[in-house]
>>> print(open('data.cif').read())   # mmCIF, C-alpha atoms
data_work
loop_
_atom_site.group_PDB
_atom_site.id
_atom_site.type_symbol
_atom_site.label_atom_id
_atom_site.label_comp_id
_atom_site.auth_asym_id
_atom_site.auth_seq_id
_atom_site.Cartn_x
_atom_site.Cartn_y
_atom_site.Cartn_z
ATOM 1 C CA MET A 1040 -65.706 -73.240 25.974
ATOM 2 C CA SER A 1041 -65.978 -70.016 23.958
ATOM 3 C CA GLU A 1042 -63.362 -69.299 21.332
ATOM 4 C CA PHE A 1043 -61.075 -66.454 22.288
ATOM 5 C CA VAL A 1044 -58.655 -64.219 20.431
ATOM 6 C CA LEU A 1045 -55.300 -62.853 21.567
ATOM 7 C CA LEU A 1046 -54.719 -59.247 20.583
ATOM 8 C CA THR A 1047 -51.573 -57.170 21.019
ATOM 9 C CA ASP A 1048 -49.925 -54.107 19.473
ATOM 10 C CA SER A 1049 -46.942 -53.606 17.218
ATOM 11 C CA ALA A 1050 -44.646 -52.550 20.058
ATOM 12 C CA ALA A 1051 -44.303 -56.336 20.460
ATOM 13 C CA ASP A 1052 -42.110 -56.348 17.305
ATOM 14 C CA MET A 1053 -43.506 -59.728 16.228
ATOM 15 C CA SER A 1054 -42.642 -60.761 12.699
ATOM 16 C CA GLN A 1055 -45.358 -61.558 10.202
ATOM 17 C CA GLU A 1056 -44.301 -65.210 10.497
ATOM 18 C CA MET A 1057 -44.840 -65.114 14.284
ATOM 19 C CA VAL A 1058 -48.235 -63.480 13.812
ATOM 20 C CA GLU A 1059 -49.333 -66.148 11.346
ATOM 21 C CA GLU A 1060 -47.992 -68.935 13.567
ATOM 22 C CA THR A 1061 -49.908 -67.746 16.628
ATOM 23 C CA GLY A 1062 -53.052 -66.274 15.052
ATOM 24 C CA VAL A 1063 -52.594 -63.151 17.171
ATOM 25 C CA ILE A 1064 -54.159 -59.875 16.011
ATOM 26 C CA VAL A 1065 -51.683 -56.969 16.057
ATOM 27 C CA LEU A 1066 -52.817 -53.339 16.239
ATOM 28 C CA PRO A 1067 -50.276 -50.972 14.695
ATOM 29 C CA LEU A 1068 -48.807 -48.059 16.583
ATOM 30 C CA SER A 1069 -47.893 -45.113 14.379
ATOM 31 C CA PHE A 1070 -44.731 -43.122 13.761
ATOM 32 C CA THR A 1071 -44.044 -39.852 11.998
ATOM 33 C CA ILE A 1072 -40.866 -39.060 10.069
ATOM 34 C CA GLN A 1073 -40.149 -36.370 7.467
ATOM 35 C CA GLY A 1074 -43.594 -34.936 8.196
ATOM 36 C CA LYS A 1075 -45.425 -38.104 7.159
ATOM 37 C CA THR A 1076 -47.209 -40.574 9.434
ATOM 38 C CA PHE A 1077 -46.912 -44.325 8.940
ATOM 39 C CA HIS A 1078 -48.281 -47.392 10.712
ATOM 40 C CA ASP A 1079 -46.010 -50.046 12.151
ATOM 41 C CA TYR A 1080 -47.436 -53.279 10.729
ATOM 42 C CA PRO A 1081 -45.715 -56.658 11.265
ATOM 43 C CA ASP A 1082 -45.422 -57.092 7.489
ATOM 44 C CA HIS A 1083 -43.840 -53.614 7.158
ATOM 45 C CA ARG A 1084 -46.303 -52.626 4.443
ATOM 46 C CA ASP A 1085 -45.890 -48.906 5.239
ATOM 47 C CA MET A 1086 -42.093 -48.812 5.548
ATOM 48 C CA ASP A 1087 -39.262 -51.326 5.532
ATOM 49 C CA PRO A 1088 -37.237 -51.236 8.781
ATOM 50 C CA ALA A 1089 -33.932 -50.934 6.912
ATOM 51 C CA LEU A 1090 -35.170 -47.758 5.210
ATOM 52 C CA PHE A 1091 -36.375 -46.379 8.540
ATOM 53 C CA TYR A 1092 -32.987 -46.935 10.183
ATOM 54 C CA ASP A 1093 -31.171 -45.417 7.193
ATOM 55 C CA MET A 1094 -33.300 -42.307 7.696
ATOM 56 C CA LEU A 1095 -32.365 -42.178 11.388
ATOM 57 C CA ARG A 1096 -28.694 -42.557 10.528
ATOM 58 C CA ALA A 1097 -29.074 -39.644 8.099
ATOM 59 C CA GLY A 1098 -30.277 -37.442 10.961
ATOM 60 C CA GLU A 1099 -34.050 -37.666 10.587
ATOM 61 C CA VAL A 1100 -36.091 -37.553 13.792
ATOM 62 C CA ALA A 1101 -39.076 -39.868 14.298
ATOM 63 C CA THR A 1102 -41.926 -39.419 16.759
ATOM 64 C CA THR A 1103 -44.390 -42.107 17.819
ATOM 65 C CA ALA A 1104 -48.006 -42.431 18.928
ATOM 66 C CA ALA A 1105 -49.833 -45.013 21.021
ATOM 67 C CA VAL A 1106 -52.788 -47.129 19.952
ATOM 68 C CA ASN A 1107 -55.852 -45.064 20.867
ATOM 69 C CA VAL A 1108 -59.235 -46.033 22.300
ATOM 70 C CA ASP A 1109 -61.011 -45.893 18.935
ATOM 71 C CA GLN A 1110 -58.489 -48.277 17.371
ATOM 72 C CA TYR A 1111 -59.128 -50.781 20.126
ATOM 73 C CA VAL A 1112 -62.891 -50.474 19.823
ATOM 74 C CA GLN A 1113 -62.796 -50.835 16.031
ATOM 75 C CA ALA A 1114 -60.609 -53.932 16.269
ATOM 76 C CA VAL A 1115 -62.305 -55.667 19.201
ATOM 77 C CA GLU A 1116 -66.006 -54.960 18.660
ATOM 78 C CA PRO A 1117 -66.360 -57.067 15.467
ATOM 79 C CA LEU A 1118 -64.818 -60.023 17.315
ATOM 80 C CA LEU A 1119 -67.301 -59.666 20.159
ATOM 81 C CA LYS A 1120 -70.153 -59.458 17.644
ATOM 82 C CA GLU A 1121 -68.943 -62.769 16.189
ATOM 83 C CA GLY A 1122 -69.300 -64.337 19.639
ATOM 84 C CA LYS A 1123 -65.569 -64.458 20.391
ATOM 85 C CA ASP A 1124 -63.926 -63.471 23.662
ATOM 86 C CA VAL A 1125 -60.791 -61.283 23.602
ATOM 87 C CA LEU A 1126 -57.612 -61.099 25.686
ATOM 88 C CA ILE A 1127 -55.459 -58.004 25.097
ATOM 89 C CA LEU A 1128 -51.748 -58.109 25.945
ATOM 90 C CA ALA A 1129 -50.654 -54.474 25.787
ATOM 91 C CA PHE A 1130 -47.391 -52.526 25.569
ATOM 92 C CA SER A 1131 -45.914 -51.517 28.934
ATOM 93 C CA SER A 1132 -47.756 -48.734 30.753
ATOM 94 C CA GLY A 1133 -44.316 -47.540 31.850
ATOM 95 C CA LEU A 1134 -43.442 -46.605 28.278
ATOM 96 C CA SER A 1135 -46.722 -45.772 26.525
ATOM 97 C CA GLY A 1136 -50.380 -44.839 26.952
ATOM 98 C CA THR A 1137 -51.413 -47.864 24.892
ATOM 99 C CA TYR A 1138 -52.425 -49.993 27.884
ATOM 100 C CA GLN A 1139 -54.523 -47.201 29.399
ATOM 101 C CA ALA A 1140 -56.341 -46.807 26.074
ATOM 102 C CA SER A 1141 -57.108 -50.540 26.156
ATOM 103 C CA VAL A 1142 -58.550 -50.219 29.679
ATOM 104 C CA ILE A 1143 -60.954 -47.482 28.560
ATOM 105 C CA ALA A 1144 -61.967 -49.464 25.467
ATOM 106 C CA VAL A 1145 -62.556 -52.617 27.526
ATOM 107 C CA GLU A 1146 -64.793 -50.762 29.984
ATOM 108 C CA GLU A 1147 -66.792 -49.273 27.116
ATOM 109 C CA LEU A 1148 -67.207 -52.584 25.293
ATOM 110 C CA ARG A 1149 -68.093 -54.588 28.404
ATOM 111 C CA GLU A 1150 -71.149 -52.401 28.861
ATOM 112 C CA LYS A 1151 -72.281 -53.162 25.306
ATOM 113 C CA TYR A 1152 -71.398 -56.880 25.374
ATOM 114 C CA PRO A 1153 -71.878 -58.061 28.979
ATOM 115 C CA GLU A 1154 -72.162 -61.672 27.827
ATOM 116 C CA ARG A 1155 -68.629 -61.694 26.389
ATOM 117 C CA LYS A 1156 -65.319 -62.126 28.209
ATOM 118 C CA LEU A 1157 -62.930 -59.256 27.585
ATOM 119 C CA TYR A 1158 -59.687 -58.680 29.489
ATOM 120 C CA THR A 1159 -56.560 -56.572 29.140
ATOM 121 C CA VAL A 1160 -53.123 -57.215 30.647
ATOM 122 C CA ASP A 1161 -50.424 -54.596 31.166
ATOM 123 C CA THR A 1162 -47.493 -56.741 30.050
ATOM 124 C CA LEU A 1163 -44.911 -54.263 31.410
ATOM 125 C CA CYS A 1164 -42.910 -55.531 28.434
ATOM 126 C CA ALA A 1165 -41.536 -54.005 25.256
ATOM 127 C CA SER A 1166 -40.235 -55.087 21.851
ATOM 128 C CA LEU A 1167 -39.778 -58.837 21.499
ATOM 129 C CA GLY A 1168 -40.054 -59.158 25.283
ATOM 130 C CA GLN A 1169 -43.701 -58.322 24.791
ATOM 131 C CA GLY A 1170 -43.620 -60.481 21.681
ATOM 132 C CA LEU A 1171 -42.237 -63.443 23.609
ATOM 133 C CA LEU A 1172 -44.890 -63.116 26.320
ATOM 134 C CA VAL A 1173 -47.575 -63.022 23.612
ATOM 135 C CA TRP A 1174 -46.013 -65.976 21.773
ATOM 136 C CA LEU A 1175 -45.876 -68.034 24.979
ATOM 137 C CA ALA A 1176 -49.477 -67.078 25.803
ATOM 138 C CA ALA A 1177 -50.467 -68.343 22.356
ATOM 139 C CA GLN A 1178 -48.779 -71.677 23.115
ATOM 140 C CA LYS A 1179 -50.856 -71.914 26.313
ATOM 141 C CA GLN A 1180 -53.977 -71.149 24.302
ATOM 142 C CA LYS A 1181 -53.118 -73.961 21.850
ATOM 143 C CA GLN A 1182 -52.660 -76.327 24.787
ATOM 144 C CA GLY A 1183 -56.286 -75.732 25.727
ATOM 145 C CA MET A 1184 -56.093 -73.146 28.472
ATOM 146 C CA SER A 1185 -59.171 -70.966 28.942
ATOM 147 C CA ILE A 1186 -59.055 -67.214 28.467
ATOM 148 C CA GLU A 1187 -58.901 -66.726 32.240
ATOM 149 C CA GLU A 1188 -56.095 -69.270 32.572
ATOM 150 C CA VAL A 1189 -54.034 -67.583 29.831
ATOM 151 C CA ARG A 1190 -54.691 -64.164 31.383
ATOM 152 C CA ASP A 1191 -53.581 -65.422 34.798
ATOM 153 C CA TRP A 1192 -50.508 -67.131 33.310
ATOM 154 C CA ALA A 1193 -49.479 -63.850 31.649
ATOM 155 C CA GLU A 1194 -49.949 -61.906 34.879
ATOM 156 C CA GLU A 1195 -47.958 -64.475 36.870
ATOM 157 C CA ASN A 1196 -45.069 -64.695 34.405
ATOM 158 C CA LYS A 1197 -44.658 -61.185 32.980
ATOM 159 C CA LEU A 1198 -42.154 -60.136 35.647
ATOM 160 C CA HIS A 1199 -40.042 -63.165 34.748
ATOM 161 C CA LEU A 1200 -39.762 -61.958 31.140
ATOM 162 C CA SER A 1201 -36.196 -60.648 31.138
ATOM 163 C CA HIS A 1202 -35.267 -57.758 28.817
ATOM 164 C CA GLN A 1203 -31.548 -57.105 28.253
ATOM 165 C CA PHE A 1204 -30.656 -54.258 25.860
ATOM 166 C CA THR A 1205 -27.591 -52.481 24.626
ATOM 167 C CA VAL A 1206 -27.385 -49.555 22.223
ATOM 168 C CA ASP A 1207 -24.658 -48.528 19.813
ATOM 169 C CA ASP A 1208 -25.433 -44.791 19.511
ATOM 170 C CA LEU A 1209 -25.905 -42.843 22.751
ATOM 171 C CA HIS A 1210 -27.481 -39.919 20.886
ATOM 172 C CA PHE A 1211 -30.917 -41.531 20.914
ATOM 173 C CA LEU A 1212 -30.882 -42.192 24.653
ATOM 174 C CA LYS A 1213 -29.776 -38.598 25.225
ATOM 175 C CA ARG A 1214 -32.615 -37.240 23.089
ATOM 176 C CA GLY A 1215 -35.114 -39.363 25.018
ATOM 177 C CA GLY A 1216 -33.791 -38.091 28.352
ATOM 178 C CA ARG A 1217 -32.357 -41.469 29.387
ATOM 179 C CA ILE A 1218 -28.825 -40.082 29.780
ATOM 180 C CA SER A 1219 -27.316 -36.592 30.025
ATOM 181 C CA ALA A 1220 -25.620 -34.779 27.164
ATOM 182 C CA THR A 1221 -22.285 -34.990 29.011
ATOM 183 C CA THR A 1222 -22.651 -38.746 29.514
ATOM 184 C CA ALA A 1223 -23.460 -39.148 25.817
ATOM 185 C CA VAL A 1224 -20.423 -37.151 24.660
ATOM 186 C CA VAL A 1225 -17.950 -38.770 27.061
ATOM 187 C CA GLY A 1226 -19.429 -42.220 26.523
ATOM 188 C CA SER A 1227 -19.168 -41.890 22.763
ATOM 189 C CA MET A 1228 -15.533 -40.757 22.985
ATOM 190 C CA LEU A 1229 -14.590 -43.680 25.238
ATOM 191 C CA GLN A 1230 -16.718 -46.244 23.395
ATOM 192 C CA ILE A 1231 -18.802 -46.837 26.532
ATOM 193 C CA LYS A 1232 -21.933 -48.835 25.730
ATOM 194 C CA PRO A 1233 -24.815 -48.881 28.221
ATOM 195 C CA VAL A 1234 -26.516 -52.100 29.262
ATOM 196 C CA LEU A 1235 -30.203 -51.559 30.023
ATOM 197 C CA HIS A 1236 -33.254 -53.537 30.976
ATOM 198 C CA VAL A 1237 -36.991 -53.070 31.498
ATOM 199 C CA ASP A 1238 -37.717 -53.067 35.225
ATOM 200 C CA ASP A 1239 -40.700 -54.383 37.197
ATOM 201 C CA GLU A 1240 -42.586 -51.121 36.598
ATOM 202 C CA GLY A 1241 -42.095 -51.444 32.851
ATOM 203 C CA HIS A 1242 -39.539 -48.624 32.560
ATOM 204 C CA LEU A 1243 -36.319 -48.779 30.543
ATOM 205 C CA ILE A 1244 -33.411 -48.238 32.940
ATOM 206 C CA ASN A 1245 -29.623 -48.325 32.783
ATOM 207 C CA ILE A 1246 -28.126 -51.197 34.795
ATOM 208 C CA GLY A 1247 -24.497 -51.185 33.648
ATOM 209 C CA LYS A 1248 -21.966 -50.315 30.992
ATOM 210 C CA ALA A 1249 -19.335 -52.030 28.916
ATOM 211 C CA ARG A 1250 -16.251 -50.822 27.045
ATOM 212 C CA GLY A 1251 -16.771 -51.499 23.356
ATOM 213 C CA ARG A 1252 -19.397 -53.230 21.268
ATOM 214 C CA HIS A 1253 -18.315 -56.844 21.749
ATOM 215 C CA ALA A 1254 -18.192 -56.438 25.528
ATOM 216 C CA SER A 1255 -21.699 -54.961 25.584
ATOM 217 C CA LEU A 1256 -23.103 -57.856 23.561
ATOM 218 C CA LYS A 1257 -21.341 -60.345 25.820
ATOM 219 C CA ALA A 1258 -22.793 -58.553 28.866
ATOM 220 C CA LEU A 1259 -26.312 -59.404 27.670
ATOM 221 C CA VAL A 1260 -25.501 -63.112 27.683
ATOM 222 C CA ASP A 1261 -23.607 -62.834 30.985
ATOM 223 C CA LYS A 1262 -26.771 -61.473 32.591
ATOM 224 C CA MET A 1263 -28.859 -64.225 31.012
ATOM 225 C CA GLU A 1264 -26.466 -66.879 32.333
ATOM 226 C CA LYS A 1265 -27.074 -65.639 35.887
ATOM 227 C CA THR A 1266 -30.865 -65.446 35.724
ATOM 228 C CA VAL A 1267 -32.218 -67.810 33.052
ATOM 229 C CA THR A 1268 -34.621 -70.591 34.049
ATOM 230 C CA GLU A 1269 -34.841 -73.994 32.354
ATOM 231 C CA GLU A 1270 -31.508 -73.357 30.694
ATOM 232 C CA GLY A 1271 -31.383 -74.762 27.178
ATOM 233 C CA LYS A 1272 -35.059 -75.705 27.062
ATOM 234 C CA GLN A 1273 -36.836 -72.438 26.334
ATOM 235 C CA THR A 1274 -37.349 -70.349 23.219
ATOM 236 C CA VAL A 1275 -35.323 -67.120 23.210
ATOM 237 C CA PHE A 1276 -36.098 -63.989 21.185
ATOM 238 C CA ILE A 1277 -33.566 -61.381 20.016
ATOM 239 C CA SER A 1278 -34.472 -58.094 18.352
ATOM 240 C CA HIS A 1279 -32.142 -55.642 16.653
ATOM 241 C CA GLY A 1280 -32.044 -52.142 15.211
ATOM 242 C CA ASP A 1281 -30.887 -53.071 11.702
ATOM 243 C CA CYS A 1282 -27.749 -54.879 12.913
ATOM 244 C CA ARG A 1283 -28.514 -58.501 12.203
ATOM 245 C CA ARG A 1284 -24.871 -59.591 12.331
ATOM 246 C CA ASP A 1285 -24.541 -58.436 15.952
ATOM 247 C CA ALA A 1286 -27.874 -60.048 16.854
ATOM 248 C CA ALA A 1287 -26.674 -63.284 15.237
ATOM 249 C CA ALA A 1288 -23.475 -63.094 17.313
ATOM 250 C CA VAL A 1289 -25.579 -62.880 20.494
ATOM 251 C CA ALA A 1290 -27.689 -65.802 19.272
ATOM 252 C CA GLU A 1291 -24.556 -67.874 18.756
ATOM 253 C CA MET A 1292 -23.323 -67.066 22.282
ATOM 254 C CA VAL A 1293 -26.709 -68.062 23.716
ATOM 255 C CA LYS A 1294 -26.596 -71.371 21.854
ATOM 256 C CA THR A 1295 -22.951 -72.134 22.674
ATOM 257 C CA ARG A 1296 -22.878 -71.040 26.317
ATOM 258 C CA LEU A 1297 -26.397 -71.976 27.405
ATOM 259 C CA GLY A 1298 -27.381 -74.773 25.050
ATOM 260 C CA VAL A 1299 -30.475 -72.978 23.772
ATOM 261 C CA GLN A 1300 -31.829 -74.643 20.641
ATOM 262 C CA ASP A 1301 -34.592 -72.264 19.546
ATOM 263 C CA VAL A 1302 -33.493 -68.631 19.048
ATOM 264 C CA ARG A 1303 -35.596 -66.296 16.903
ATOM 265 C CA LEU A 1304 -34.519 -62.926 15.532
ATOM 266 C CA ASN A 1305 -36.488 -59.958 14.232
ATOM 267 C CA HIS A 1306 -36.096 -56.240 13.633
ATOM 268 C CA ILE A 1307 -36.905 -53.731 16.328
ATOM 269 C CA GLY A 1308 -39.783 -51.882 14.707
ATOM 270 C CA PRO A 1309 -39.907 -48.123 14.123
ATOM 271 C CA VAL A 1310 -41.896 -47.380 17.289
ATOM 272 C CA ILE A 1311 -39.236 -48.800 19.630
ATOM 273 C CA GLY A 1312 -36.423 -48.014 17.203
ATOM 274 C CA ALA A 1313 -37.240 -44.300 17.150
ATOM 275 C CA HIS A 1314 -36.197 -44.141 20.810
ATOM 276 C CA ALA A 1315 -33.411 -46.743 20.897
ATOM 277 C CA GLY A 1316 -31.778 -46.017 17.544
ATOM 278 C CA PRO A 1317 -29.841 -48.067 14.997
ATOM 279 C CA GLY A 1318 -27.521 -50.692 16.411
ATOM 280 C CA THR A 1319 -29.690 -51.642 19.366
ATOM 281 C CA VAL A 1320 -29.600 -55.332 20.314
ATOM 282 C CA ALA A 1321 -32.060 -56.825 22.810
ATOM 283 C CA LEU A 1322 -32.206 -60.300 24.351
ATOM 284 C CA PHE A 1323 -35.407 -61.767 25.848
ATOM 285 C CA TYR A 1324 -35.978 -64.928 27.883
ATOM 286 C CA LEU A 1325 -37.710 -66.239 30.987
ATOM 287 C CA GLY A 1326 -35.628 -65.747 34.114
ATOM 288 C CA THR A 1327 -35.727 -65.801 37.887
ATOM 289 C CA GLN A 1328 -36.124 -62.016 37.709
ATOM 290 C CA ARG A 1329 -36.059 -59.253 35.169
#
>>> encode(input="data.cif", output="structure tokens")
Amino acid sequence: MSEFVLLTDSAADMSQEMVEETGVIVLPLSFTIQGKTFHDYPDHRDMDPALFYDMLRAGEVATTAAVNVDQYVQAVEPLLKEGKDVLILAFSSGLSGTYQASVIAVEELREKYPERKLYTVDTLCASLGQGLLVWLAAQKQKQGMSIEEVRDWAEENKLHLSHQFTVDDLHFLKRGGRISATTAVVGSMLQIKPVLHVDDEGHLINIGKARGRHASLKALVDKMEKTVTEEGKQTVFISHGDCRRDAAAVAEMVKTRLGVQDVRLNHIGPVIGAHAGPGTVALFYLGTQR
């Protein structure tokens, strides 16, 4: 059986520790703030997340860019030359052009390396939801699954990767067109916090609201309680927009209410954070549905 490599992008918000544990290759998306462009690496070599969120809180605006075709080709071609096969697990096509760039790169490289196996999967996931799918795929790889078996497992399970989000500052959703200006103003005055998820088409949509921060965090776990599979047995990921205390509170609820033993936390990186803002908390797990 040929050796194969899992490759994803930094929208997965995997920590450097997760990357080292799985052996996954992560291509960085880029973000621009204060007129300068940075890359979103798992080890945060270009910018620390705390600094990024401080800049957002100070009123700076960040823009983001997808991984392009050339980046994919430059990352994947050396692996193919080494005789390795490659499985790409890409950021949701509903939120970025990253997956489409991977499709073009795969078609180009297949012509040059017809003897190699090269596949790309539209995860329809974001942040540590994507990260959790990649992490689980890496566990399947370690268990001896072939590249086709891991690809098929990802395709079969991606719509069971539940994403539950809440945000603390409605301004960022308003700027991204997710809510109206009136909703943002009224919601802020009344301390209304939206509860969102990523749907089966990979889009971020509003599915509810809660009055106050604690209620919105509790709503994430309430949703998980209704839809989680293998309660208490699976690994759960939580990402946060520079609000670790709130993320830890959600982790504690997940452990206490659902008996989950393995909960892992990480920052929401600048690429997702630019659109969600400081104070975002997101909960990811395998469920009966998204």
>>> residues_around(input="data.cif", residues="segment 1290-1305 of chain A", least_positions_apart="4", cutoff="10 Å", atoms="all atoms listed in the file", output="PDB file with C-alpha atoms, in the frame of the given file")
ATOM      1  CA  ASP A1052     -42.110 -56.348  17.305  1.00  0.00           C
ATOM      2  CA  MET A1053     -43.506 -59.728  16.228  1.00  0.00           C
ATOM      3  CA  SER A1054     -42.642 -60.761  12.699  1.00  0.00           C
ATOM      4  CA  GLN A1055     -45.358 -61.558  10.202  1.00  0.00           C
ATOM      5  CA  MET A1057     -44.840 -65.114  14.284  1.00  0.00           C
ATOM      6  CA  SER A1166     -40.235 -55.087  21.851  1.00  0.00           C
ATOM      7  CA  LEU A1167     -39.778 -58.837  21.499  1.00  0.00           C
ATOM      8  CA  LEU A1171     -42.237 -63.443  23.609  1.00  0.00           C
ATOM      9  CA  LEU A1256     -23.103 -57.856  23.561  1.00  0.00           C
ATOM     10  CA  LYS A1257     -21.341 -60.345  25.820  1.00  0.00           C
ATOM     11  CA  LEU A1259     -26.312 -59.404  27.670  1.00  0.00           C
ATOM     12  CA  VAL A1260     -25.501 -63.112  27.683  1.00  0.00           C
ATOM     13  CA  ASP A1261     -23.607 -62.834  30.985  1.00  0.00           C
ATOM     14  CA  MET A1263     -28.859 -64.225  31.012  1.00  0.00           C
ATOM     15  CA  GLU A1264     -26.466 -66.879  32.333  1.00  0.00           C
ATOM     16  CA  VAL A1267     -32.218 -67.810  33.052  1.00  0.00           C
ATOM     17  CA  GLU A1269     -34.841 -73.994  32.354  1.00  0.00           C
ATOM     18  CA  GLU A1270     -31.508 -73.357  30.694  1.00  0.00           C
ATOM     19  CA  GLY A1271     -31.383 -74.762  27.178  1.00  0.00           C
ATOM     20  CA  LYS A1272     -35.059 -75.705  27.062  1.00  0.00           C
ATOM     21  CA  GLN A1273     -36.836 -72.438  26.334  1.00  0.00           C
ATOM     22  CA  THR A1274     -37.349 -70.349  23.219  1.00  0.00           C
ATOM     23  CA  VAL A1275     -35.323 -67.120  23.210  1.00  0.00           C
ATOM     24  CA  PHE A1276     -36.098 -63.989  21.185  1.00  0.00           C
ATOM     25  CA  ILE A1277     -33.566 -61.381  20.016  1.00  0.00           C
ATOM     26  CA  SER A1278     -34.472 -58.094  18.352  1.00  0.00           C
ATOM     27  CA  HIS A1279     -32.142 -55.642  16.653  1.00  0.00           C
ATOM     28  CA  GLY A1280     -32.044 -52.142  15.211  1.00  0.00           C
ATOM     29  CA  ASP A1281     -30.887 -53.071  11.702  1.00  0.00           C
ATOM     30  CA  ARG A1283     -28.514 -58.501  12.203  1.00  0.00           C
ATOM     31  CA  ARG A1284     -24.871 -59.591  12.331  1.00  0.00           C
ATOM     32  CA  ASP A1285     -24.541 -58.436  15.952  1.00  0.00           C
ATOM     33  CA  ALA A1286     -27.874 -60.048  16.854  1.00  0.00           C
ATOM     34  CA  ALA A1321     -32.060 -56.825  22.810  1.00  0.00           C
ATOM     35  CA  LEU A1322     -32.206 -60.300  24.351  1.00  0.00           C
ATOM     36  CA  PHE A1323     -35.407 -61.767  25.848  1.00  0.00           C
ATOM     37  CA  TYR A1324     -35.978 -64.928  27.883  1.00  0.00           C
TER      38      TYR A1324
END
>>> closest_residue(input="data.cif", among="A:Ser1069, A:Thr1102, A:Gln1169, A:Thr1205", to="Leu1046 of chain A", atoms="all atoms listed in the file")
A:Gln1169
>>> atom_distance(input="data.cif", atom1="atom CA of Leu1090 of chain A", atom2="atom CA of Val1234 of chain A")
25.9 Å
>>> residues_near_point(input="data.cif", point="(-27.7, -51.8, 25.7)", cutoff="12 Å", atoms="all atoms listed in the file", output="ChimeraX atom specification")
/A:1202-1209,1211-1212,1217,1231-1237,1243-1260,1262,1278-1280,1315-1322
>>> closest_residue(input="data.cif", among="A:Leu1128, A:Asn1107, A:Thr1076, A:Ala1165", to="Ala1144 of chain A", atoms="all atoms listed in the file")
A:Asn1107
>>> residues_around(input="data.cif", residues="segment 1174-1183 of chain A", least_positions_apart="5", cutoff="7 Å", atoms="only C-alpha atoms", output="list in words")
Thr1061, Val1189 and Ala1193 of chain A
>>> atom_distance(input="data.cif", atom1="atom CA of Asp1161 of chain A", atom2="atom CA of Glu1116 of chain A")
20.0 Å
>>> closest_residue(input="data.cif", among="A:Ser1049, A:Leu1126, A:Glu1056, A:Pro1088", to="Glu1188 of chain A", atoms="only C-alpha atoms")
A:Leu1126
>>> resolve_selection(input="data.cif", expression="the PyMOL selection byres ((chain A and resi 1198) around 9)", output="list in words")
Thr1162, Leu1163, Cys1164, Glu1194, Glu1195, Asn1196, Lys1197, His1199, Leu1200, Ser1201, Asp1238, Asp1239, Leu1325, Gly1326, Thr1327, Gln1328 and Arg1329 of chain A
>>> atom_distance(input="data.cif", atom1="atom CA of Lys1123 of chain A", atom2="atom CA of Arg1084 of chain A")
27.7 Å
>>> axis_aligned_box(input="data.cif", around="segment 1260-1275 of chain A", padding_each_side="8 Å", output="lines of an AutoDock Vina configuration file")
center_x = -30.5
center_y = -68.6
center_z = 29.5
size_x = 29.7
size_y = 30.2
size_z = 28.7
>>> resolve_selection(input="data.cif", expression="the PyMOL selection byres ((chain A and resi 1134) around 7)", output="list in words")
Ser1131, Ser1132, Gly1133, Ser1135, Gly1241 and His1242 of chain A
>>> closest_residue(input="data.cif", among="A:Gly1170, A:Val1160, A:His1210, A:Arg1155", to="Ser1141 of chain A", atoms="all atoms listed in the file")
A:Val1160
>>> closest_residue(input="data.cif", among="A:Val1100, A:Ala1287, A:Ala1129, A:Asp1048", to="His1306 of chain A", atoms="only C-alpha atoms")
A:Ala1287
>>> closest_residue(input="data.cif", among="A:Phe1043, A:Phe1070, A:Tyr1111, A:Tyr1080", to="Val1058 of chain A", atoms="all atoms listed in the file")
A:Tyr1080
>>> resolve_selection(input="data.cif", expression="the PyMOL selection byres ((chain A and resi 1145) around 12)", output="MDAnalysis selection string")
chainID A and resid 1108:1116 1119 1124:1127 1138:1144 1146:1153 1155:1160
>>> build_atoms(input="data.cif", residues="segment 1136-1142 of chain A", atoms="N, CA, C and O atoms", output="PDB file, in the coordinates of the input")
ATOM      1  N   GLY A1136     -48.985 -44.922  26.520  1.00  0.00           N
ATOM      2  CA  GLY A1136     -50.380 -44.839  26.952  1.00  0.00           C
ATOM      3  C   GLY A1136     -51.257 -45.904  26.329  1.00  0.00           C
ATOM      4  O   GLY A1136     -52.484 -45.891  26.510  1.00  0.00           O
ATOM      5  N   THR A1137     -50.654 -46.839  25.605  1.00  0.00           N
ATOM      6  CA  THR A1137     -51.413 -47.864  24.892  1.00  0.00           C
ATOM      7  C   THR A1137     -52.261 -48.721  25.840  1.00  0.00           C
ATOM      8  O   THR A1137     -53.435 -48.986  25.572  1.00  0.00           O
ATOM      9  N   TYR A1138     -51.666 -49.161  26.943  1.00  0.00           N
ATOM     10  CA  TYR A1138     -52.425 -49.993  27.884  1.00  0.00           C
ATOM     11  C   TYR A1138     -53.617 -49.233  28.447  1.00  0.00           C
ATOM     12  O   TYR A1138     -54.726 -49.786  28.534  1.00  0.00           O
ATOM     13  N   GLN A1139     -53.424 -47.974  28.829  1.00  0.00           N
ATOM     14  CA  GLN A1139     -54.523 -47.201  29.399  1.00  0.00           C
ATOM     15  C   GLN A1139     -55.658 -47.045  28.395  1.00  0.00           C
ATOM     16  O   GLN A1139     -56.839 -47.091  28.757  1.00  0.00           O
ATOM     17  N   ALA A1140     -55.306 -46.875  27.118  1.00  0.00           N
ATOM     18  CA  ALA A1140     -56.341 -46.807  26.074  1.00  0.00           C
ATOM     19  C   ALA A1140     -57.123 -48.112  26.009  1.00  0.00           C
ATOM     20  O   ALA A1140     -58.349 -48.118  25.830  1.00  0.00           O
ATOM     21  N   SER A1141     -56.425 -49.234  26.190  1.00  0.00           N
ATOM     22  CA  SER A1141     -57.108 -50.540  26.156  1.00  0.00           C
ATOM     23  C   SER A1141     -58.063 -50.680  27.335  1.00  0.00           C
ATOM     24  O   SER A1141     -59.139 -51.264  27.197  1.00  0.00           O
ATOM     25  N   VAL A1142     -57.686 -50.151  28.493  1.00  0.00           N
ATOM     26  CA  VAL A1142     -58.550 -50.219  29.679  1.00  0.00           C
ATOM     27  C   VAL A1142     -59.858 -49.479  29.429  1.00  0.00           C
ATOM     28  O   VAL A1142     -60.954 -49.974  29.731  1.00  0.00           O
TER      29      VAL A1142
END
